[in-house]
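Asks: Structure below; questions to follow.
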Protein chains: 4
Amino acid sequence: MNKGRLEAFSDGVIAVIITIMVLELKVPHDADPKALAPLIPVFLSYVLSFVFTGIYWSNHHHLFHAVHHVNGATLWANLHLLFWLSLVPFVTGWMDENHFAAPTVGAYGLVLLGAACAYTILTRVLLATHAKDSTLAKALGKDFKGKISIAIYVAAIALAFVHPWIACALYVVVAAIWLCPDRRFEKLLAESKA
Amino acid sequence: MNKGRLEAFSDGVIAVIITIMVLELKVPHDADPKALAPLIPVFLSYVLSFVFTGIYWSNHHHLFHAVHHVNGATLWANLHLLFWLSLVPFVTGWMDENHFAAPTVGAYGLVLLGAACAYTILTRVLLATHAKDSTLAKALGKDFKGKISIAIYVAAIALAFVHPWIACALYVVVAAIWLCPDRRFEKLLAESKA
Amino acid sequence: MNKGRLEAFSDGVIAVIITIMVLELKVPHDADPKALAPLIPVFLSYVLSFVFTGIYWSNHHHLFHAVHHVNGATLWANLHLLFWLSLVPFVTGWMDENHFAAPTVGAYGLVLLGAACAYTILTRVLLATHAKDSTLAKALGKDFKGKISIAIYVAAIALAFVHPWIACALYVVVAAIWLCPDRRFEKLLAESKA
Amino acid sequence: MNKGRLEAFSDGVIAVIITIMVLELKVPHDADPKALAPLIPVFLSYVLSFVFTGIYWSNHHHLFHAVHHVNGATLWANLHLLFWLSLVPFVTGWMDENHFAAPTVGAYGLVLLGAACAYTILTRVLLATHAKDSTLAKALGKDFKGKISIAIYVAAIALAFVHPWIACALYVVVAAIWLCPDRRFEKLLAESKA
């Protein structure tokens, strides 16, 4: 089965998710630039969620670039990932509405954790139908970044109840880890063509 | 006529439908995790509608994978299906807003029934322009799952007025029937390539 | 220049337009089926706008199927069409909100007229870069349906102020004219392949 | 790495941005055509933002037409551009809500400036991976339009505090500069094929 439609549908869902989050930035009824001040944390959480959604899109792009075929199980593993991502606007909004209170920051981490687990499951489902020496298997390798992210999310959820900003700092750390582009795929794809 | 654009447009519409449903999950104005409690049924209905929309996308994907050509009638049979799917966020919202009252649960079933009938019509329209021994015709076969789903929806709509949870349980049964991936297409497509 | 992205972008915009219109169907706060009664005209206007948007997508699909190349002017002629279509949810909402009062029904016709003119301009721009004996030129022919639609829209806008239902009936007539699939393109494309 | 998905995702995001802006046109609760009068500035700002978003889509289309390959850095330079574009509905709404007060018109220019800088960065990132004699490098040339736009935006932001309409006039000037289709790409692509 062709992977083109799975990519197109995922692109569509992620495009809508990334764009409806901006609706949470409620237009102030005052022209004074000071009216933007209360929006600063909302804006920062928008930037964070935009970056996380962008990371998932970028990783999804790299991942499926190395995929050769998909089956019914892949479709559902992918829908499972999209489900968790679709909750990002909700938890971002809950966090904004309550000034980054501990439970809301924890919930934000929980959704990121869900998405990270869903992504890991997706890679496992894909590996099950690709040979051990396939470009995909080599590119995924030990998936160090994936494992460390899950560990940091778990820590962040717990530490949110010590202080929410610790959790927020950890989310930024995970984003930074992934923003360094995932060269594994690019390197191996270049090699496999050579 | 090429099927690519019909697939792309359907992907776009279904991507928007599946994502705007999450807007029904209204952000609580309270940071207490207890504030999420009243959202649990809303969340469960979101999961159910996400799964149903995912099932339609997945089946649409499998179906058009076996399709060779489309015509004007196919475009409209497909738009008819998308019309019913576009009503899913509305009936999900009505059900949520009224705590799964019998008429709202019945209306939810009615929209699912409409979508199921539209899907059946779409397959009939496609079969009319494909040979009897085409991959499509063989893959669709007797369409047992489609027929049983329609029967269950009709029963669920009636039983919603006995007790709404009976109808909800039946909706979950239909979802479960379809979540087992539709191997007919994958099997036959594999065979037709061999 | 390739037409693929113009098609994909148009698909995306039309998919969002067709789906956000359903948000105008406000969820009733009452589970009684009678609560749906005031929604009936809103629902009918949704169906009408869904059908019109579907007609434009379908015609756009047929049109670009016969197009070989696009240029900068085509992109803007196409964006101009999308602009008018993007106003459909607004005029549909205005009509709903005011119980099909004459000025709102007239405004609905005005937007449909704008879209029809934009579509005609788009075909002219495309014809300017295609040979007179191209499939596109032959398929468009005298564009009888396009011309009659524009005439009916003009009449409907004026007659809306006699009685809004006359205008509504005329909109249904135009939709019916287009729902008969546009066989010109299919016929000629079939011939050009033979 | 293939550029197809980057194009498809950008199309999706821009399609959603361009369409959700129309939601700012709030449906009047009065059928009198006079009820539309207060919407005229909102409508004009919608037209301006639609045109700007259309310009970015059109330029993005031309740009990537000449691109041969993308890498991780390209994905993020592109996401950065989409981020600024995603803020257009917010600043348009802020400007509308406050009757084009100076700070809101300045903020509008700031977002346009951000998008223009992001677009310039994107072209630099692309040039870094394309040869100096590539179609892309030739087509971009000295990027006169890009530089003049940035200069006008900076002037407009400052002049918004003299009088908002000066800034608005300058935004229209930039739009007019770009609406003249960017023939550099079309010309060079035609030559490179000849």
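Residue numbering restarts at 1 in every chain; chains get A, B, ... in the order shown in the structure tokens, and ligands count up from 1 in that same order.
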I'd like the neighbourhood of Phe43 in chain A as a list of chain:residue names, where a residue qualifies if any of its atoms comes within 12 Å (using only C-alpha atoms), though same-chain residues fewer than 5 positions away should be ignored.

Replies: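 Result of the neighbour search: A:Met21, A:Val22, A:Leu23, A:Glu24, A:Leu25, A:Lys26, A:Val27, A:Leu36, A:Ala37, A:Pro38, A:Leu48, A:Ser49, A:Phe50, A:Thr92, A:Gly93, A:Met95, A:Asp96, D:Phe83, D:Leu87, D:Phe90.
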
Asks: Would you pick out the contacts of Phe52 in chain B at 10 Å or less, using only C-alpha atoms, so that residues sharing its chain but fewer than 3 positions from it are not included, and give the list as a ChimeraX atom specification?

Replies: /B:18,46-49,55-58,85,88,112,171-172,174-176,178-179

Asks: Dump as an MDAnalysis selection string the residues of chain C that approach chain D to within 7 Å, counting only C-alpha atoms.

Replies: chainID C and resid 9 12:13 16:17 72 75 79 86 90 93:94 97:98 101 103:104

Asks: Residues at most 12 Å from Ala118 in chain D, counting only C-alpha atoms, excluding those fewer than 5 positions away in the same chain, as a PyMOL selection string?

Replies: chain D and resi 56+60+74+76-85+111-113+123-125+146+150

Asks: Which of range 2-133 of chain C counts as helix (DSSP H, G or I) under DSSP, as a count of residues only please?

Replies: 104
